[in-house]
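Engineer: Below you will find the structure I want to go over with you.
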Amino acid sequence: MEFFFQNLINALQWGSFYALIALGYSMVYGVLMLFNFAHGDIFMVGAYIGFGVASALVGFSAMGALALPNWLILALTIIVSMFLTSFVGMIVERVGYRPLRNAPRASAAITGLMIGIILETGNLALLGARRVSFPSLIKSTTYDLGGVFVTNKKIMIVIVSLALMYALHRFVRKTKWGMAMRAMAFDFVVVPLMGVPINNVARMTFALGSALAAVAGIFFGVAYPVLDPYMGVLFGWKAFVAAILGGRGSILGACLAGFLLGFIEIFVPMIFPSTLRDLIAYSIILLILTFRPHGFFGEPYSARLRL
Amino acid sequence: MPLLEIKKMSHDFGGLRAVNGYDLTFEPGQIRGLIGPNGAGKTTIFNLITGIYIPTEGDILLNGKSIVGLKPYQIASMGLGRTFQNLRLWRHMTVLEHVKMARYSKINYGLVGSFFGTPKRNREEAEIDDLARSLLELVGVAHLAEQVIVNLPYGDQRRVEMARALATEPRILFLDEPTAGMNPEELIQMMGIIRRIHNELGLAIFLIEHRLKVVMELCETIQALVFGEVIAEGTSEEIQNDPRVIEAYLGKEKIL
């Protein structure tokens, strides 16, 4: 039982990464009907931006320029990185996707893959092939909850992730921008006739997704403090799978699917040899999608006229 | 000054001239119709005016100002509303949300207000709510405000689309086949609604219709469009008796 809870907590943390990244895929897919295949690499860029911001703040602190406690440095890192990474997302949208709004969907997919490669190799060119290690900002404290060991990092990661997911849910439900995003997901053409500039909505969708990916990147750096330029590739693909599993544009779906993926990936090696982990995990997902091709909360849709 | 003035508007799709030298002068409060067989270019004309397409030639003046080349959202906020031939609603949003969405550009409260319900937000929300419900009342679907679109019958969906268009506070409303696919009873109700909108809101209305009966009864003047060109313009009697219109609709009389 303790064993189960121990892994449950690991799965929650692991699932948080997937869920945060999957939300970006799902929102863009929902609003613009395209897959931003560069999103995994935006997660990587977010992690590196977080690394840069955190290192700079730690450096300032060490020089005595501004003496900040570590928790504040982490909080500032998250906020500043969300902001900066959202700009990266907006640039990707503007340069990569907006010119292709009316192009065949395959063009957008190819563009996404290329942008991903550009981000990876650009990082490689900029920082070199060495791995960097994320500054450790929180001193790890382990709590013993009746035989289940929980670190303060894991608690923070899971709670902040859930809070952000809830905030996004509120945003989409309660604000006029969220309402515009939902409307665009159902029918693109009429939205401008309500006086809504759709380019702004598209830009905002990318910004939100990228900001969440940045948080995932920083948390990943906090939990597993080694970053490399290709860290976003496999992670991105898996989160993409979670987004599909959740259903087009569904926030709840993307979160649930992200956590489910985390659970499966953590629990499968408990029973089977860990070399079979991904094989079995993704066979399960494939099986689910066979019966629910539109994912948990996606609805069947038909291709519509896009103007 | 006319509300809307179109001068020699033409549009090409590749090598095909879909609209040729189209002229229109629309005074405030008028109700006019545009008829024509399938593929005559009626919807294209609507799409040109609302900014979805940009005309190849000619000019469109709204209140004396050219709107050619403006983005659809800019044109919409200048007082031009429309509905669509094939319904364009947001299937899983509620009726009320549809009307609220139409107020998008007029919502002033920001992020904090949306999240925490500040007094300013509550006041604005209440205003939007009142307006939305009165418009839904006008088109007769106020009792369905909380329903999701997919649960509504077809005729009611059309009414929602109309309420949504009205909520953008247009000065001229473009209705693209508002009675398409309706049964006779729904048809009569819809004609009543159009008349009521015209009378109560004093709105200018431009109507595309397939069913001659509807246009003949509602519209002051009618244009008949064939292959992108206006072949006749006048009152319903004039149109009805125009040999070119009869030919376009029924074919040429053959004498053996």
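Identifiers in the structure tokens: chain A, B, ... in order shown; residue index from 1 per chain; ligand index from 1 in order shown.
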Determine, counting only C-alpha atoms, which protein, DNA and RNA residues have an atom within 8 Å of an atom of Phe26 of chain B; residues of the same chain fewer than 6 positions away are not included. Present the result as a PyMOL selection string.

Structural biologist: chain B and resi 2-5

Engineer: How close does each residue of segment 149-255 of chain B get to segment 50-66 of chain B, giving the shortest atom pair and distance in Å to one decimal for every residue with an atom at most 12 Å away, counting only C-alpha atoms, sorted by chain and residue number, as a Markdown table?

Structural biologist:
| residue | atom | partner | partner_atom | distance |
| --- | --- | --- | --- | --- |
| B:Pro170 | CA | B:Leu62 | CA | 11.9 |
| B:Arg171 | CA | B:Leu62 | CA | 10.2 |
| B:Ile172 | CA | B:Leu62 | CA | 9.9 |
| B:Leu173 | CA | B:Thr50 | CA | 10.6 |
| B:Phe174 | CA | B:Thr50 | CA | 9.1 |
| B:Leu175 | CA | B:Thr50 | CA | 11.9 |

Engineer: Write the residues of the preceding selection, restricted to C-alpha atoms, as a short mmCIF file (atom, residue, chain, number, x, y, z; two decimals), in the first residue's frame.

Structural biologist:
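What follows is the written file part_15.cif:
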data_model
loop_
_atom_site.label_atom_id
_atom_site.label_comp_id
_atom_site.auth_asym_id
_atom_site.auth_seq_id
_atom_site.Cartn_x
_atom_site.Cartn_y
_atom_site.Cartn_z
CA PRO B 170 -25.51 46.80 -36.42
CA ARG B 171 -26.98 49.68 -38.39
CA ILE B 172 -27.49 47.36 -41.28
CA LEU B 173 -28.21 43.68 -41.02
CA PHE B 174 -27.40 41.18 -43.76
CA LEU B 175 -29.54 38.06 -43.69
#

Engineer: Quote the spacing between atom CA of Phe17 of chain A and atom CA of Ser283 of chain A in Å to one decimal place.

Structural biologist: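 Atom CA of Ser283 of chain A lies at a distance of 20.6 Å from atom CA of Phe17 of chain A.
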
Engineer: Counting only C-alpha atoms, collect the residues of chain A whose closest atom lies at most 6 Å from chain B, and write them out as number ranges by chain.

Structural biologist: A: 174-175, 183, 186-187, 192-197

Engineer: Find the residues around Leu100 of chain A up to 12 Å (only C-alpha atoms counted), leave out those fewer than 6 positions away in its own chain, and share them as a PDB file with N, CA and C atoms, in the first residue's frame.

Structural biologist:
ATOM      1  N   LEU A  32      -7.005  26.586 -33.399  1.00  0.00           N
ATOM      2  CA  LEU A  32      -6.531  26.822 -34.760  1.00  0.00           C
ATOM      3  C   LEU A  32      -6.527  25.582 -35.638  1.00  0.00           C
ATOM      4  N   MET A  33      -6.948  24.445 -35.073  1.00  0.00           N
ATOM      5  CA  MET A  33      -6.999  23.215 -35.854  1.00  0.00           C
ATOM      6  C   MET A  33      -5.646  22.815 -36.418  1.00  0.00           C
ATOM      7  N   LEU A  34      -4.586  23.106 -35.709  1.00  0.00           N
ATOM      8  CA  LEU A  34      -3.297  22.617 -36.182  1.00  0.00           C
ATOM      9  C   LEU A  34      -2.503  22.115 -34.997  1.00  0.00           C
ATOM     10  N   VAL A  92       6.751  32.244 -32.775  1.00  0.00           N
ATOM     11  CA  VAL A  92       6.529  31.024 -33.558  1.00  0.00           C
ATOM     12  C   VAL A  92       5.208  31.121 -34.318  1.00  0.00           C
ATOM     13  N   GLU A  93       4.177  31.616 -33.634  1.00  0.00           N
ATOM     14  CA  GLU A  93       2.872  31.744 -34.285  1.00  0.00           C
ATOM     15  C   GLU A  93       2.938  32.721 -35.448  1.00  0.00           C
ATOM     16  N   ARG A  94       3.556  33.875 -35.170  1.00  0.00           N
ATOM     17  CA  ARG A  94       3.595  34.940 -36.175  1.00  0.00           C
ATOM     18  C   ARG A  94       4.405  34.537 -37.392  1.00  0.00           C
ATOM     19  N   ALA A 106      -0.984  19.886 -43.669  1.00  0.00           N
ATOM     20  CA  ALA A 106       0.328  19.248 -43.670  1.00  0.00           C
ATOM     21  C   ALA A 106       1.443  20.284 -43.645  1.00  0.00           C
ATOM     22  N   SER A 107       1.217  21.427 -44.315  1.00  0.00           N
ATOM     23  CA  SER A 107       2.251  22.464 -44.339  1.00  0.00           C
ATOM     24  C   SER A 107       2.551  22.948 -42.934  1.00  0.00           C
ATOM     25  N   ALA A 108       1.491  23.133 -42.155  1.00  0.00           N
ATOM     26  CA  ALA A 108       1.682  23.611 -40.794  1.00  0.00           C
ATOM     27  C   ALA A 108       2.430  22.578 -39.960  1.00  0.00           C
ATOM     28  N   ALA A 109       2.106  21.301 -40.180  1.00  0.00           N
ATOM     29  CA  ALA A 109       2.783  20.253 -39.420  1.00  0.00           C
ATOM     30  C   ALA A 109       4.276  20.241 -39.734  1.00  0.00           C
ATOM     31  N   ILE A 110       4.586  20.357 -41.031  1.00  0.00           N
ATOM     32  CA  ILE A 110       5.994  20.348 -41.438  1.00  0.00           C
ATOM     33  C   ILE A 110       6.711  21.557 -40.852  1.00  0.00           C
ATOM     34  N   THR A 111       6.044  22.711 -40.931  1.00  0.00           N
ATOM     35  CA  THR A 111       6.635  23.917 -40.359  1.00  0.00           C
ATOM     36  C   THR A 111       6.947  23.726 -38.881  1.00  0.00           C
ATOM     37  N   GLY A 112       6.009  23.106 -38.170  1.00  0.00           N
ATOM     38  CA  GLY A 112       6.220  22.872 -36.744  1.00  0.00           C
ATOM     39  C   GLY A 112       7.455  22.038 -36.491  1.00  0.00           C
ATOM     40  N   ARG A 306     -12.635  26.949 -43.846  1.00  0.00           N
ATOM     41  CA  ARG A 306     -11.815  27.866 -43.070  1.00  0.00           C
ATOM     42  C   ARG A 306     -11.518  29.067 -43.950  1.00  0.00           C
ATOM     43  N   LEU A 307     -11.791  30.248 -43.418  1.00  0.00           N
ATOM     44  CA  LEU A 307     -11.498  31.434 -44.224  1.00  0.00           C
ATOM     45  C   LEU A 307     -10.408  32.265 -43.577  1.00  0.00           C
TER      46      LEU A 307
END

Engineer: Would you list the contacts of Gly253 of chain A as a VMD selection string, taking every protein, DNA or RNA residue within 9 Å and counting only C-alpha atoms, but skipping same-chain residues closer than 6 positions in sequence?

Structural biologist: chain A and resid 23 26 242 to 247 295 to 298

Engineer: The selected residues should be written to file as an mmCIF file, in the first residue's frame (atoms: C-alpha atoms).

Structural biologist:
data_model
loop_
_atom_site.group_PDB
_atom_site.id
_atom_site.type_symbol
_atom_site.label_atom_id
_atom_site.label_comp_id
_atom_site.auth_asym_id
_atom_site.auth_seq_id
_atom_site.Cartn_x
_atom_site.Cartn_y
_atom_site.Cartn_z
ATOM 1 C CA LEU A 23 -2.463 21.839 -22.561
ATOM 2 C CA SER A 26 -4.572 20.912 -27.026
ATOM 3 C CA ALA A 242 -1.808 13.064 -23.998
ATOM 4 C CA ALA A 243 -3.412 16.017 -25.791
ATOM 5 C CA ILE A 244 -4.964 13.718 -28.399
ATOM 6 C CA LEU A 245 -6.105 11.354 -25.694
ATOM 7 C CA GLY A 246 -7.749 14.227 -23.836
ATOM 8 C CA GLY A 247 -9.762 15.352 -26.821
ATOM 9 C CA GLY A 295 -10.223 11.184 -26.980
ATOM 10 C CA PHE A 296 -11.916 11.554 -23.628
ATOM 11 C CA PHE A 297 -13.757 14.799 -24.219
ATOM 12 C CA GLY A 298 -13.321 15.434 -27.898
#

Engineer: Which residues are close to Asp278 of chain A, i.e. within 10 Å by only C-alpha atoms, leaving aside same-chain residues fewer than 6 positions away? Reply as a list in words.

Structural biologist: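 Here the answer would be Lys238, Ile264, Glu265, Val268, Pro269 and Ile284 of chain A.
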
Engineer: Need to verify the contact set: segment 217-221 of chain B, 8 Å, only C-alpha atoms, exclusion of same-chain residues closer than 5 positions in sequence. Can you return it as a PyMOL selection string?

Structural biologist: chain B and resi 30-33+191+195+233-236

Engineer: Pick out each residue of segment 4-252 of chain B that DSSP on the backbone tags as strand (DSSP E or B); I need them as number ranges by chain.

Structural biologist: B: 4-13, 16-26, 31-35, 57-62, 65-66, 80-82, 94, 148, 172-176, 204-209, 221-226, 229-234

Engineer: Could you name the residues that touch Ala214 of chain A at 6 Å or less, counting only C-alpha atoms, but leaving out those on the same chain fewer than 3 positions away, as a list in words?

Structural biologist: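 Contacts, with the query itself left out: Phe43, Gly46, Ala47, Met82, Ala211 and Gly217 of chain A.
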
Engineer: Hey, can you spit out that residue selection with C-alpha atoms as a PDB file, in the first residue's frame?

Structural biologist:
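Saved result, out-v4.pdb, follows:
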ATOM      1  CA  PHE A  43       9.140  23.300 -23.337  1.00  0.00           C
ATOM      2  CA  GLY A  46      11.243  27.392 -21.406  1.00  0.00           C
ATOM      3  CA  ALA A  47      13.510  25.200 -19.297  1.00  0.00           C
ATOM      4  CA  MET A  82       6.507  32.317 -18.388  1.00  0.00           C
ATOM      5  CA  ALA A 211       3.888  29.941 -20.649  1.00  0.00           C
ATOM      6  CA  GLY A 217      10.378  23.122 -18.112  1.00  0.00           C
TER       7      GLY A 217
END
